[in-house]
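Below is one structure, written out as structure tokens, with a few remarks after it.
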Amino acid sequence: MKILGIDPGMAIVGYGIIEAENDDKIELITSGSIQTDKNLSDSKRLLEIYNDLTMVVGKYQPDCASVEELFFFKNQKTVIPVAEARGVILTVLENFNIPIYSYTPMEVKQVLTGYGRAEKKEVEQMVKIALETDNLPKLDDTVDAIAIAICHSRYRR
């Protein structure tokens with residue numbers, strides 16, 4: 001099963017696509033980020049997210065998608081733009097009739113590490129173990145997206 005994990009954001013949307021079989025073997029197919037220019041209007045940034053994610057989904061045709069849910073935001077200025085970006089992401093997935101699953105950051109941490117308040121480094125380490133690699137993408141948003149995909153692969157069992 002091909003699972004697309006997405007970490008939504010207005011400035012950066014992280015994504016990772018894994019192939020997960022029933023035998024616990026997880027393979028990273030691709031990962032990356034959609035980065036928008038903060039000098040553009042929000043509408044242009046949202047359109048860029050829409051277009052770029054449409055290309056990714058069209059190219060890799062995942063079987064399902066797991067998208068991080070907005071759970072709690074410390075910075076009130078960013079919650080609305082991130083919610084708008086998440087809405088665009090959900091629209092792209094619906095256009096392709098891809099089943100969508102949502103997980104809070106706490107759920108992702110719980111599934112990957114066994115502790116819902118795990119640190120970023122602990123989650124990163126569990127992603128390395130799941131993928132059997134020491135080489136992960138540099139961007140936290142991309143690693144988070146891969147973690148969200150792995151979370152769904154384990155949660156669906």
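Going by the structure tokens order, chains are called A, B, ..., each with residues numbered from 1, while ligands are numbered from 1 in the order shown.
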Residues of chain A in strand (DSSP E or B), written as a ChimeraX atom specification: /A:2-7,12-20,26-35,64-68,100-103
Which polymer residues have any atom within 12 Å of an atom of A:His152, counting only C-alpha atoms, with same-chain residues fewer than 6 positions away left out, as a compact mmCIF listing (two decimals) with C-alpha atoms, in the first residue's frame?
# COMPACT_ATOMS: atom_id res chain seq x y z
CA MET A 1 0.00 0.00 0.00
CA LYS A 2 1.32 3.42 -0.99
CA ILE A 3 0.75 5.96 1.79
CA LEU A 4 1.23 9.71 1.35
CA GLY A 5 2.05 11.53 4.59
CA ILE A 6 1.61 15.29 4.71
CA ILE A 17 5.33 8.58 0.27
CA ILE A 18 6.05 5.14 1.65
CA GLU A 19 5.26 1.62 0.47
CA ALA A 20 4.07 -0.40 3.46
CA ILE A 26 8.46 0.04 4.91
CA ASP A 63 -3.60 4.54 -2.17
CA CYS A 64 -4.37 6.75 0.82
CA ALA A 65 -3.12 9.85 2.61
CA SER A 66 -2.46 10.69 6.23
CA VAL A 67 -2.47 14.40 7.04
CA GLU A 68 -1.43 15.98 10.30
CA PRO A 99 -9.00 8.17 1.33
CA ILE A 100 -7.82 10.68 3.95
CA TYR A 101 -6.82 9.90 7.53
CA SER A 102 -5.91 12.53 10.12
CA TYR A 103 -3.59 12.21 13.09
CA THR A 104 -2.63 14.73 15.75
CA GLU A 107 -1.01 10.44 18.08
CA VAL A 108 1.94 10.26 15.66
CA LYS A 109 4.41 10.41 18.55
CA GLN A 110 2.44 7.79 20.50
CA VAL A 111 2.34 5.35 17.58
CA LEU A 112 6.00 5.79 16.62
CA ALA A 145 5.46 13.90 6.89
CA ILE A 146 7.26 10.55 6.64
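Reported to one decimal place, the separation of atom CA of A:Val82 from atom CA of A:Met10 is 5.3 Å.
Near stretch 39-43 of chain A, within 9 Å and counting only C-alpha atoms, sit Met10, Thr36, Leu46, Leu47, Glu48 and Pro81 of chain A, not including residues fewer than 3 positions from it in the same chain.
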In chain A, DSSP alpha helix (DSSP H) residues written as an MDAnalysis selection string: chainID A and resid 42:60 76:95 105:113 120:131 140:155
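Reported to one decimal place, the separation of atom CA of A:Lys59 from atom CA of A:Asp141 is 20.8 Å.
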